[in-house]
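S.K.: Contents of model.cif (mmCIF, C-alpha atoms and all ligand atoms) are given next:
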data_final
#
loop_
_atom_site.label_atom_id
_atom_site.label_comp_id
_atom_site.auth_asym_id
_atom_site.auth_seq_id
_atom_site.Cartn_x
_atom_site.Cartn_y
_atom_site.Cartn_z
CA MET A 24 40.56 131.16 141.86
CA ASN A 25 37.58 130.65 139.56
CA ALA A 26 36.30 127.08 139.58
CA SER A 27 32.98 127.80 137.89
CA ALA A 28 32.20 125.43 135.00
CA PRO A 29 33.12 126.77 131.55
CA ASP A 30 30.34 127.79 129.18
CA MET A 31 30.14 124.60 127.09
CA SER A 32 28.64 126.39 124.08
CA ARG A 33 32.21 127.58 123.50
CA PHE A 34 33.47 124.01 123.31
CA PRO A 35 31.49 122.08 120.68
CA GLU A 36 32.09 118.38 120.09
CA LEU A 37 35.25 117.73 118.08
CA SER A 38 34.80 117.57 114.31
CA ALA A 39 37.18 117.82 111.36
CA PRO A 40 36.64 117.62 107.60
CA GLU A 41 37.99 114.65 105.64
CA ARG A 42 40.54 116.46 103.51
CA ILE A 43 42.37 115.21 100.45
CA LEU A 44 45.85 115.73 101.86
CA LEU A 45 48.30 116.44 99.05
CA GLY A 46 50.76 118.56 101.00
CA PRO A 47 54.13 117.66 102.50
CA GLY A 48 52.50 115.67 105.31
CA PRO A 49 50.56 114.52 107.13
CA SER A 50 49.24 112.30 104.37
CA MET A 51 45.82 110.64 104.40
CA VAL A 52 45.38 107.71 106.72
CA ASP A 53 43.97 104.35 105.62
CA PRO A 54 40.73 103.58 107.54
CA ARG A 55 42.37 100.35 108.75
CA VAL A 56 44.95 102.45 110.60
CA MET A 57 42.27 104.67 112.13
CA ARG A 58 40.40 101.57 113.31
CA ALA A 59 43.58 100.20 114.89
CA MET A 60 43.75 103.35 117.03
CA VAL A 61 40.51 102.48 118.83
CA THR A 62 41.92 99.11 120.00
CA PRO A 63 41.71 99.04 123.83
CA VAL A 64 44.62 100.71 125.58
CA VAL A 65 46.68 98.26 127.66
CA GLY A 66 49.64 98.83 129.94
CA HIS A 67 52.98 99.57 128.31
CA LEU A 68 54.40 96.35 129.78
CA ASP A 69 51.30 94.22 129.10
CA PRO A 70 52.34 90.91 127.51
CA THR A 71 50.20 91.68 124.45
CA PHE A 72 51.89 95.05 124.02
CA VAL A 73 55.37 93.62 124.51
CA ARG A 74 54.60 91.12 121.72
CA LEU A 75 53.41 94.00 119.56
CA MET A 76 56.66 95.89 120.20
CA ASP A 77 58.63 92.94 118.80
CA ARG A 78 56.40 92.80 115.74
CA ILE A 79 56.72 96.53 115.15
CA GLN A 80 60.51 96.20 115.29
CA ASP A 81 60.46 93.32 112.79
CA LEU A 82 58.25 95.25 110.38
CA LEU A 83 60.45 98.34 110.77
CA ARG A 84 63.50 96.26 109.83
CA TYR A 85 61.65 95.31 106.65
CA VAL A 86 60.71 98.91 105.84
CA PHE A 87 64.25 100.18 106.53
CA GLN A 88 65.69 97.08 104.78
CA THR A 89 68.04 96.39 107.65
CA ALA A 90 69.01 93.68 110.11
CA ASN A 91 69.97 96.26 112.78
CA PRO A 92 68.84 95.02 116.22
CA LEU A 93 68.51 98.61 117.46
CA THR A 94 65.50 99.59 115.33
CA ILE A 95 62.65 101.27 117.20
CA PRO A 96 59.97 103.91 116.90
CA ILE A 97 60.64 107.10 118.88
CA SER A 98 57.63 108.47 120.77
CA GLY A 99 57.38 111.79 118.99
CA THR A 100 57.36 113.22 115.48
CA GLY A 101 60.10 113.19 112.85
CA THR A 102 61.93 116.00 114.61
CA ALA A 103 62.20 113.83 117.73
CA ALA A 104 63.85 111.09 115.67
CA MET A 105 66.17 113.70 114.12
CA GLU A 106 67.04 114.83 117.62
CA ALA A 107 67.53 111.22 118.76
CA ALA A 108 69.98 110.71 115.88
CA VAL A 109 71.94 113.87 116.64
CA ALA A 110 71.84 113.70 120.46
CA ASN A 111 73.15 110.13 120.51
CA ALA A 112 75.70 110.40 117.71
CA VAL A 113 77.23 113.77 118.53
CA GLU A 114 79.37 114.32 121.62
CA PRO A 115 80.50 117.78 122.71
CA GLY A 116 83.54 118.69 120.64
CA ASP A 117 82.82 116.22 117.80
CA ALA A 118 83.41 117.62 114.34
CA VAL A 119 80.17 117.29 112.34
CA LEU A 120 79.62 117.88 108.63
CA VAL A 121 76.04 118.70 107.63
CA CYS A 122 74.98 118.93 103.98
CA VAL A 123 72.44 121.75 103.68
CA ASN A 124 70.37 122.15 100.53
CA GLY A 125 67.06 122.96 102.18
CA TYR A 126 65.20 123.67 105.37
CA PHE A 127 65.65 120.32 107.11
CA GLY A 128 69.39 120.08 106.56
CA ALA A 129 69.65 123.46 108.29
CA ARG A 130 67.58 122.09 111.20
CA ILE A 131 70.00 119.17 111.65
CA ALA A 132 72.96 121.60 111.70
CA GLU A 133 71.28 123.73 114.36
CA MET A 134 70.58 120.68 116.50
CA ALA A 135 74.15 119.40 116.19
CA ARG A 136 75.42 122.80 117.41
CA ARG A 137 73.12 122.62 120.42
CA TYR A 138 74.57 119.22 121.36
CA GLY A 139 78.07 120.68 121.33
CA GLY A 140 79.10 119.57 117.84
CA GLU A 141 81.74 121.60 115.99
CA VAL A 142 79.53 121.96 112.94
CA GLN A 143 80.68 122.67 109.44
CA THR A 144 78.12 122.90 106.65
CA ILE A 145 78.42 122.56 102.92
CA SER A 146 75.57 123.88 100.83
CA ARG A 147 73.91 123.58 97.44
CA PRO A 148 71.16 125.77 96.01
CA TRP A 149 67.68 124.66 97.10
CA GLY A 150 66.50 122.00 94.65
CA GLU A 151 69.97 120.64 93.84
CA VAL A 152 71.80 117.66 95.35
CA PHE A 153 75.33 116.88 96.58
CA THR A 154 77.95 114.67 94.96
CA GLY A 155 80.16 112.25 96.86
CA GLU A 156 83.14 114.32 95.70
CA GLU A 157 81.84 117.38 97.53
CA VAL A 158 81.58 115.45 100.78
CA ARG A 159 84.99 113.85 100.20
CA ALA A 160 86.61 117.25 99.60
CA ALA A 161 84.98 118.76 102.70
CA LEU A 162 86.19 115.87 104.85
CA GLU A 163 89.72 116.10 103.43
CA GLN A 164 89.84 119.76 104.41
CA ARG A 165 88.37 119.11 107.83
CA PRO A 166 87.74 115.55 109.04
CA ALA A 167 84.48 114.89 110.89
CA LYS A 168 83.11 112.13 113.08
CA VAL A 169 79.55 112.51 111.84
CA VAL A 170 78.10 113.40 108.43
CA ALA A 171 74.40 114.21 108.14
CA ILE A 172 72.28 114.52 105.01
CA VAL A 173 68.60 114.54 104.01
CA HIS A 174 67.41 111.90 101.51
CA GLY A 175 64.14 113.60 100.52
CA GLU A 176 64.22 117.37 101.15
CA THR A 177 60.58 118.24 101.70
CA SER A 178 61.34 121.93 101.36
CA THR A 179 62.72 121.55 97.84
CA GLY A 180 61.44 118.26 96.38
CA ALA A 181 64.95 116.95 95.63
CA GLU A 182 65.98 113.32 96.12
CA GLN A 183 69.58 112.95 97.26
CA PRO A 184 71.48 109.95 95.80
CA LEU A 185 73.21 108.37 98.80
CA ALA A 186 75.70 105.66 97.79
CA ASP A 187 78.64 107.98 96.98
CA ILE A 188 77.95 110.19 100.00
CA VAL A 189 78.01 107.26 102.42
CA ARG A 190 81.18 105.88 100.83
CA ALA A 191 82.92 109.26 101.07
CA ALA A 192 81.90 109.64 104.72
CA HIS A 193 83.10 106.15 105.66
CA ASP A 194 86.38 106.64 103.79
CA GLY A 195 86.82 109.79 105.89
CA GLY A 196 86.15 107.85 109.10
CA ALA A 197 82.72 109.36 109.80
CA ILE A 198 79.38 107.76 110.54
CA VAL A 199 76.40 108.86 108.47
CA ILE A 200 72.98 110.08 109.57
CA VAL A 201 70.31 110.06 106.85
CA ASP A 202 66.91 111.78 107.18
CA THR A 203 64.24 109.82 105.32
CA VAL A 204 61.22 111.51 106.93
CA ALA A 205 59.71 112.36 103.54
CA SER A 206 60.83 109.29 101.64
CA LEU A 207 60.86 106.02 103.60
CA GLY A 208 58.15 103.67 102.40
CA GLY A 209 57.61 105.63 99.18
CA VAL A 210 61.05 105.96 97.59
CA PRO A 211 63.61 103.15 97.16
CA LEU A 212 66.07 102.96 100.04
CA SER A 213 67.91 100.12 101.74
CA VAL A 214 69.76 100.98 104.94
CA ASP A 215 71.95 97.88 104.82
CA ALA A 216 72.71 97.92 101.10
CA LEU A 217 73.73 101.58 101.39
CA ASP A 218 75.53 100.93 104.70
CA ILE A 219 73.81 103.88 106.41
CA ASP A 220 74.69 104.14 110.12
CA ILE A 221 71.66 106.02 111.46
CA CYS A 222 68.44 106.43 109.52
CA TYR A 223 65.16 107.89 110.74
CA THR A 224 61.73 108.74 109.41
CA GLY A 225 58.31 109.94 110.56
CA SER A 226 55.00 108.10 110.70
CA GLN A 227 52.89 110.66 108.85
CA LYS A 228 54.29 110.80 105.34
CA CYS A 229 54.89 107.78 103.10
CA LEU A 230 53.92 105.42 105.95
CA SER A 231 50.49 107.14 106.10
CA CYS A 232 49.99 106.94 109.81
CA PRO A 233 48.91 109.86 112.01
CA PRO A 234 51.83 111.96 113.24
CA GLY A 235 53.27 110.93 116.60
CA SER A 236 55.79 108.14 116.13
CA ALA A 237 59.12 108.23 114.35
CA PRO A 238 61.08 105.10 113.44
CA ILE A 239 64.86 105.09 113.71
CA THR A 240 67.58 102.50 113.19
CA PHE A 241 71.18 102.40 114.41
CA GLY A 242 73.81 100.25 112.66
CA PRO A 243 76.91 98.68 114.25
CA ARG A 244 79.24 101.69 113.72
CA ALA A 245 76.70 104.01 115.30
CA VAL A 246 76.14 101.68 118.26
CA ALA A 247 79.92 101.42 118.78
CA LYS A 248 80.24 105.21 118.75
CA ILE A 249 77.38 105.60 121.23
CA ASP A 250 78.76 102.87 123.51
CA GLY A 251 82.15 104.59 123.43
CA ARG A 252 80.82 107.99 124.50
CA LYS A 253 82.71 109.74 127.28
CA THR A 254 79.69 111.82 128.25
CA PRO A 255 76.08 110.69 128.78
CA VAL A 256 73.59 111.58 126.06
CA ALA A 257 72.41 115.09 126.96
CA ASN A 258 68.78 114.34 126.09
CA TRP A 259 67.41 111.87 128.65
CA TYR A 260 64.13 111.18 126.82
CA LEU A 261 65.87 110.29 123.56
CA ASP A 262 68.90 108.46 125.01
CA VAL A 263 68.98 105.15 123.12
CA THR A 264 71.23 103.54 125.73
CA LEU A 265 68.13 103.78 127.98
CA LEU A 266 65.50 103.25 125.27
CA ARG A 267 67.10 99.99 124.12
CA GLN A 268 66.54 98.56 127.59
CA TYR A 269 62.78 99.04 127.14
CA TRP A 270 62.75 97.82 123.53
CA GLY A 271 65.21 94.99 124.21
CA GLU A 272 64.87 91.93 126.40
CA ALA A 273 65.20 93.75 129.73
CA ARG A 274 61.88 95.64 129.21
CA ILE A 275 62.91 98.28 131.72
CA TYR A 276 60.42 101.12 132.03
CA HIS A 277 61.69 104.32 130.41
CA HIS A 278 58.56 106.30 129.52
CA THR A 279 54.95 105.33 128.96
CA ALA A 280 54.75 104.28 125.33
CA PRO A 281 52.01 106.06 123.34
CA ILE A 282 50.04 102.82 123.02
CA SER A 283 47.44 103.99 120.47
CA SER A 284 50.07 105.63 118.26
CA PHE A 285 52.00 102.36 118.16
CA TYR A 286 48.80 100.45 117.31
CA ALA A 287 48.44 102.80 114.37
CA LEU A 288 52.06 102.37 113.35
CA TYR A 289 51.73 98.59 113.48
CA GLU A 290 48.72 98.61 111.15
CA ALA A 291 50.40 101.12 108.82
CA LEU A 292 53.50 98.90 108.64
CA ARG A 293 51.32 95.85 107.96
CA LEU A 294 49.82 97.75 105.04
CA VAL A 295 53.30 98.51 103.68
CA ALA A 296 54.31 94.86 104.00
CA GLU A 297 51.10 93.60 102.38
CA GLU A 298 51.60 95.89 99.39
CA GLY A 299 55.31 95.08 99.30
CA LEU A 300 58.03 97.71 99.22
CA GLU A 301 58.83 97.37 95.55
CA ALA A 302 55.18 97.68 94.50
CA ARG A 303 54.81 100.67 96.81
CA TRP A 304 57.91 102.39 95.41
CA GLY A 305 56.56 101.70 91.91
CA ARG A 306 53.15 103.19 92.76
CA HIS A 307 54.74 106.39 94.11
CA ARG A 308 56.98 106.73 91.06
CA ALA A 309 54.17 106.08 88.53
CA LEU A 310 51.82 108.59 90.15
CA ALA A 311 54.56 111.19 90.49
CA GLU A 312 55.33 110.86 86.79
CA MET A 313 51.64 111.25 86.01
CA LEU A 314 51.56 114.40 88.18
CA TRP A 315 54.73 115.85 86.62
CA ALA A 316 53.45 115.28 83.07
CA GLY A 317 50.07 116.78 83.96
CA LEU A 318 51.60 119.88 85.56
CA GLU A 319 53.84 120.42 82.55
CA ARG A 320 50.83 120.08 80.25
CA LEU A 321 49.27 122.93 82.25
CA GLY A 322 52.34 125.01 81.41
CA LEU A 323 53.75 124.88 84.93
CA ALA A 324 57.50 124.62 85.57
CA LEU A 325 58.83 122.06 88.06
CA HIS A 326 61.52 123.38 90.39
CA VAL A 327 63.78 120.30 90.45
CA ALA A 328 65.57 118.88 87.39
CA ALA A 329 64.01 115.56 86.29
CA PRO A 330 66.81 113.20 87.45
CA HIS A 331 66.63 114.47 91.04
CA ARG A 332 62.90 114.79 91.55
CA LEU A 333 61.52 113.24 94.71
CA PRO A 334 58.45 111.13 93.81
CA SER A 335 56.77 111.81 97.16
CA LEU A 336 57.06 115.62 97.04
CA THR A 337 56.95 117.89 94.02
CA THR A 338 57.79 121.59 94.00
CA VAL A 339 56.05 123.64 91.32
CA ARG A 340 57.07 127.20 90.49
CA VAL A 341 54.25 129.70 90.88
CA PRO A 342 53.69 131.44 87.51
CA GLU A 343 54.33 135.17 87.29
CA GLY A 344 51.33 137.20 88.44
CA VAL A 345 49.59 134.32 90.24
CA ASP A 346 48.76 134.70 93.94
CA GLU A 347 49.99 131.36 95.28
CA ALA A 348 48.12 131.59 98.60
CA ALA A 349 44.84 132.42 96.86
CA VAL A 350 45.12 129.29 94.69
CA ARG A 351 45.70 127.13 97.77
CA LYS A 352 42.75 128.74 99.50
CA VAL A 353 40.37 127.92 96.66
CA LEU A 354 41.74 124.37 96.36
CA LEU A 355 40.90 123.86 100.01
CA SER A 356 37.52 125.58 100.13
CA GLU A 357 36.14 124.38 96.78
CA TYR A 358 37.92 121.11 96.16
CA ASN A 359 38.74 120.01 99.72
CA ILE A 360 42.38 119.58 98.62
CA GLU A 361 45.33 120.63 100.75
CA ILE A 362 48.62 121.47 99.08
CA ALA A 363 51.34 123.62 100.65
CA GLY A 364 53.20 126.79 99.81
CA GLY A 365 56.97 127.08 99.65
CA LEU A 366 59.10 126.93 102.76
CA GLY A 367 62.14 129.10 103.54
CA GLU A 368 63.81 130.28 100.32
CA LEU A 369 60.88 129.05 98.22
CA LYS A 370 58.21 130.85 100.27
CA GLY A 371 55.81 132.60 97.91
CA ARG A 372 57.62 131.14 94.88
CA ALA A 373 56.49 127.51 94.85
CA TRP A 374 53.72 125.10 95.68
CA ARG A 375 54.57 121.80 97.32
CA ILE A 376 52.49 118.80 96.31
CA GLY A 377 52.84 115.57 98.22
CA LEU A 378 51.92 112.13 96.95
CA MET A 379 52.55 109.98 99.96
CA GLY A 380 51.22 106.61 101.08
CA TYR A 381 47.42 106.49 101.12
CA SER A 382 47.23 109.92 99.46
CA ALA A 383 49.17 108.59 96.46
CA ARG A 384 46.17 107.51 94.39
CA ARG A 385 45.31 108.10 90.77
CA GLU A 386 41.97 109.75 91.54
CA ASN A 387 43.70 112.34 93.73
CA VAL A 388 46.21 113.22 91.01
CA GLU A 389 43.42 113.55 88.43
CA LEU A 390 41.30 115.71 90.70
CA LEU A 391 44.19 118.02 91.57
CA LEU A 392 45.21 118.42 87.91
CA ALA A 393 41.61 119.13 86.89
CA ALA A 394 41.21 121.69 89.69
CA LEU A 395 44.51 123.42 88.87
CA GLY A 396 43.59 123.44 85.17
CA LYS A 397 40.35 125.24 85.98
CA LEU A 398 41.87 127.69 88.45
CA LEU A 399 44.87 128.72 86.38
C1 LIG B 401 62.78 115.88 105.65
C2 LIG B 401 62.13 116.16 106.95
N1 LIG B 401 62.83 116.01 108.09
C3 LIG B 401 62.28 116.23 109.30
C4 LIG B 401 60.97 116.64 109.43
C5 LIG B 401 60.40 116.90 110.78
O1 LIG B 401 59.36 116.04 111.08
P1 LIG B 401 58.12 116.44 112.01
O2 LIG B 401 57.46 117.63 111.41
O3 LIG B 401 57.27 115.20 111.96
O4 LIG B 401 58.65 116.69 113.37
C6 LIG B 401 60.20 116.81 108.28
C7 LIG B 401 58.80 117.28 108.38
O5 LIG B 401 58.20 117.75 107.45
C8 LIG B 401 60.78 116.57 107.02
O6 LIG B 401 60.09 116.72 105.91
#
Starting from the file, lay out its structure as structure tokens.
Ligand SMILES: Cc1ncc(COP(=O)(O)O)c(C=O)c1O

M.R.:
Amino acid sequence: MNASAPDMSRFPELSAPERILLGPGPSMVDPRVMRAMVTPVVGHLDPTFVRLMDRIQDLLRYVFQTANPLTIPISGTGTAAMEAAVANAVEPGDAVLVCVNGYFGARIAEMARRYGGEVQTISRPWGEVFTGEEVRAALEQRPAKVVAIVHGETSTGAEQPLADIVRAAHDGGAIVIVDTVASLGGVPLSVDALDIDICYTGSQKCLSCPPGSAPITFGPRAVAKIDGRKTPVANWYLDVTLLRQYWGEARIYHHTAPISSFYALYEALRLVAEEGLEARWGRHRALAEMLWAGLERLGLALHVAAPHRLPSLTTVRVPEGVDEAAVRKVLLSEYNIEIAGGLGELKGRAWRIGLMGYSARRENVELLLAALGKLL
């Protein structure tokens, strides 16, 4: 055993640059949210924290546009909420239909297999979206208990219209899981108006909060399916039949809530509510249109057809002969701007530009366009 003290010259005090974050997340964080994180830590059953939990749930119902009682933040990132959705909704042997038109749809399918789902996938090329008819036809061929789909595919920049998909799934007797990690709070969506059964997001994209909490909501059909399970949820940490006893009136300890992350989420949700959802959706759309027009003026081609472009995440095709990684490197080192390269099928072929929450500001769009103009 070596208990000698480490050489502290190897461990300097923490420091990080203040980047202009225009990638697929995390987005920039409003200083008000950062200040909320230094609020004193209290116990996870402290009366002040319990009151805060109720307020967070109320604000989440506003952001999801739902009256669902079972609406909570998961302690973890977007993937944890995805896993909470799948682990609770899917029982071993359940037929599951997953719509895959990008990286995150494929992740849902893989998770559903691991929870014992009999998974069938339908696919579209990356950058395209599904029609209700495609889901209806797949369910006629092979009925499923659960249908899962991504609203804003961060890997492709496509926005999936949901109304027809949800209707087709319900007509086929399935409940619907919708991933809104890259869209909630920036792109119009109403859980109740669309009649979505399970919807989840992450804190670090359009909600502009540091990564670490992931809101999720369960509607009545989903709760009935979970309550009717023959087997316990295989993931103890994400089992909502336990979590709802902590978030509901019983306040039974389940795990120690990440207090400071929930302070941050509360302040981020207050900011959304102060701005108002419709104004926020409008801001994201207006800035995205400004970005799209500017990119096209630079002669760049956008990967997704105009009607299906996701305002919060734009994929740009890398022009022939341009080293996409080199451009990103210079943007970061000389302009302090982070954008991302392509993921999966689009690796090396596209840039991904995010305009999410506090990052979605006119000055950021203008700076990025000016920098790209100079570099290309
Ligand atoms: C659409 C989508 N789903 C799920 C996730 C996973 O979230 P996280 O990386 O926060 O775990 C992401 C993250 O980028 C995403 O964009």

S.K.: Write out as JSON lines the residues of chain A that have any atom within 7 Å of an atom of ligand LIG 401 (chain B), one row each with the nearest atom pair and its distance in Å to one decimal, counting all atoms listed in the file, sorted by chain and then rising number.

M.R.:
{"residue": "A:Pro47", "atom": "CA", "partner": "B:LIG401", "partner_atom": "O5", "distance": 6.4}
{"residue": "A:Gly48", "atom": "CA", "partner": "B:LIG401", "partner_atom": "O5", "distance": 6.4}
{"residue": "A:Thr100", "atom": "CA", "partner": "B:LIG401", "partner_atom": "O3", "distance": 4.0}
{"residue": "A:Gly101", "atom": "CA", "partner": "B:LIG401", "partner_atom": "O1", "distance": 3.4}
{"residue": "A:Thr102", "atom": "CA", "partner": "B:LIG401", "partner_atom": "O4", "distance": 3.6}
{"residue": "A:Ala103", "atom": "CA", "partner": "B:LIG401", "partner_atom": "O4", "distance": 6.3}
{"residue": "A:Met105", "atom": "CA", "partner": "B:LIG401", "partner_atom": "C3", "distance": 6.7}
{"residue": "A:Phe127", "atom": "CA", "partner": "B:LIG401", "partner_atom": "N1", "distance": 5.2}
{"residue": "A:Val173", "atom": "CA", "partner": "B:LIG401", "partner_atom": "C1", "distance": 6.2}
{"residue": "A:Gly175", "atom": "CA", "partner": "B:LIG401", "partner_atom": "C1", "distance": 5.8}
{"residue": "A:Glu176", "atom": "CA", "partner": "B:LIG401", "partner_atom": "C1", "distance": 5.0}
{"residue": "A:Thr177", "atom": "CA", "partner": "B:LIG401", "partner_atom": "O6", "distance": 4.5}
{"residue": "A:Asp202", "atom": "CA", "partner": "B:LIG401", "partner_atom": "N1", "distance": 5.9}
{"residue": "A:Thr203", "atom": "CA", "partner": "B:LIG401", "partner_atom": "C1", "distance": 6.2}
{"residue": "A:Val204", "atom": "CA", "partner": "B:LIG401", "partner_atom": "C2", "distance": 4.7}
{"residue": "A:Ala205", "atom": "CA", "partner": "B:LIG401", "partner_atom": "O6", "distance": 5.0}
{"residue": "A:Gly225", "atom": "CA", "partner": "B:LIG401", "partner_atom": "O3", "distance": 5.5}
{"residue": "A:Pro234", "atom": "CA", "partner": "B:LIG401", "partner_atom": "O3", "distance": 6.5}

S.K.: Please provide as a VMD selection string all residues within 12 Å of Val73 (chain A), with the sequence filter that same-chain residues fewer than 2 positions apart are discarded (counting only C-alpha atoms).

M.R.: chain A and resid 65 to 71 75 to 80 269 to 276 280 282 285 to 286

S.K.: Could you tell me how far CA of His326 (chain A) lies from CA of Asp346 (chain A), in Å and to one decimal?

M.R.: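 Answer for the CA of His326 (chain A) to CA of Asp346 (chain A) separation: 17.4 Å.
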
S.K.: Go through A:Cys222, A:Leu207, A:Ala349, A:Ile376 and flag the residue nearest Trp304 (chain A), using all atoms listed in the file for the distances.

M.R.: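 Among the listed residues, A:Leu207 lies closest to Trp304 (chain A).
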
S.K.: How many Å lie between CA of Gln143 (chain A) and CA of Ala161 (chain A), rounded to one decimal?

M.R.: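 Computed distance, CA of Gln143 (chain A) to CA of Ala161 (chain A), equals 8.9 Å.
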
S.K.: Could you check the closest approach to Phe87 (chain A) for each of A:Gly209, A:Gly196, A:Pro49, A:Pro40 and tell me which residue wins, using only C-alpha atoms?

M.R.: A:Gly209

S.K.: Go through A:Lys370, A:Arg306, A:Arg293, A:Arg55 and flag the residue nearest Ser178 (chain A), using all atoms listed in the file for the distances.

M.R.: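 Among A:Lys370, A:Arg306, A:Arg293, A:Arg55, it is A:Lys370 that comes nearest to Ser178 (chain A).
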
S.K.: Rounded to one decimal in Å, what is the spacing between CA of Lys352 (chain A) and CA of His174 (chain A)?

M.R.: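 A separation of 29.9 Å between them.
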
S.K.: Using all atoms listed in the file, give me every residue within 7 Å of (52.8, 108.3, 115.4) in file coordinates, as an MDAnalysis selection string.

M.R.: chainID A and resid 99:100 226:227 232:237 284:285 288

S.K.: Those same residues - C-alpha atoms - I'd like them written as a PDB file, in the coordinates of the input.

M.R.:
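The file below, again18.pdb, is the result:
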ATOM      1  CA  GLY A  99      57.380 111.790 118.990  1.00  0.00           C
ATOM      2  CA  THR A 100      57.360 113.220 115.480  1.00  0.00           C
ATOM      3  CA  SER A 226      55.000 108.100 110.700  1.00  0.00           C
ATOM      4  CA  GLN A 227      52.890 110.660 108.850  1.00  0.00           C
ATOM      5  CA  CYS A 232      49.990 106.940 109.810  1.00  0.00           C
ATOM      6  CA  PRO A 233      48.910 109.860 112.010  1.00  0.00           C
ATOM      7  CA  PRO A 234      51.830 111.960 113.240  1.00  0.00           C
ATOM      8  CA  GLY A 235      53.270 110.930 116.600  1.00  0.00           C
ATOM      9  CA  SER A 236      55.790 108.140 116.130  1.00  0.00           C
ATOM     10  CA  ALA A 237      59.120 108.230 114.350  1.00  0.00           C
ATOM     11  CA  SER A 284      50.070 105.630 118.260  1.00  0.00           C
ATOM     12  CA  PHE A 285      52.000 102.360 118.160  1.00  0.00           C
ATOM     13  CA  LEU A 288      52.060 102.370 113.350  1.00  0.00           C
TER      14      LEU A 288
END

S.K.: Have region 357-370 of chain A completed to N, CA and C atoms, please, and pass it along as a compact mmCIF listing (two decimals), in the coordinates of the input.

M.R.:
# COMPACT_ATOMS: atom_id res chain seq x y z
N GLU A 357 37.05 124.87 97.82
CA GLU A 357 36.14 124.38 96.78
C GLU A 357 36.39 122.94 96.38
N TYR A 358 37.61 122.48 96.58
CA TYR A 358 37.92 121.11 96.16
C TYR A 358 38.32 120.21 97.33
N ASN A 359 38.40 120.79 98.52
CA ASN A 359 38.74 120.01 99.72
C ASN A 359 40.16 119.47 99.66
N ILE A 360 41.01 120.08 98.81
CA ILE A 360 42.38 119.58 98.62
C ILE A 360 43.37 120.48 99.35
N GLU A 361 44.24 119.86 100.14
CA GLU A 361 45.33 120.63 100.75
C GLU A 361 46.63 120.40 99.98
N ILE A 362 47.21 121.51 99.50
CA ILE A 362 48.62 121.47 99.08
C ILE A 362 49.32 122.55 99.91
N ALA A 363 50.64 122.65 99.81
CA ALA A 363 51.34 123.62 100.65
C ALA A 363 52.05 124.67 99.80
N GLY A 364 52.38 125.78 100.45
CA GLY A 364 53.20 126.79 99.81
C GLY A 364 54.67 126.46 100.02
N GLY A 365 55.53 127.31 99.50
CA GLY A 365 56.97 127.08 99.65
C GLY A 365 57.41 127.36 101.07
N LEU A 366 58.53 126.77 101.43
CA LEU A 366 59.10 126.93 102.76
C LEU A 366 60.45 127.63 102.60
N GLY A 367 60.81 128.46 103.56
CA GLY A 367 62.14 129.10 103.54
C GLY A 367 62.35 129.87 102.25
N GLU A 368 63.45 129.55 101.55
CA GLU A 368 63.81 130.28 100.32
C GLU A 368 62.72 130.24 99.25
N LEU A 369 61.89 129.19 99.28
CA LEU A 369 60.88 129.05 98.22
C LEU A 369 59.52 129.61 98.64
N LYS A 370 59.47 130.26 99.78
CA LYS A 370 58.21 130.85 100.27
C LYS A 370 57.68 131.86 99.24
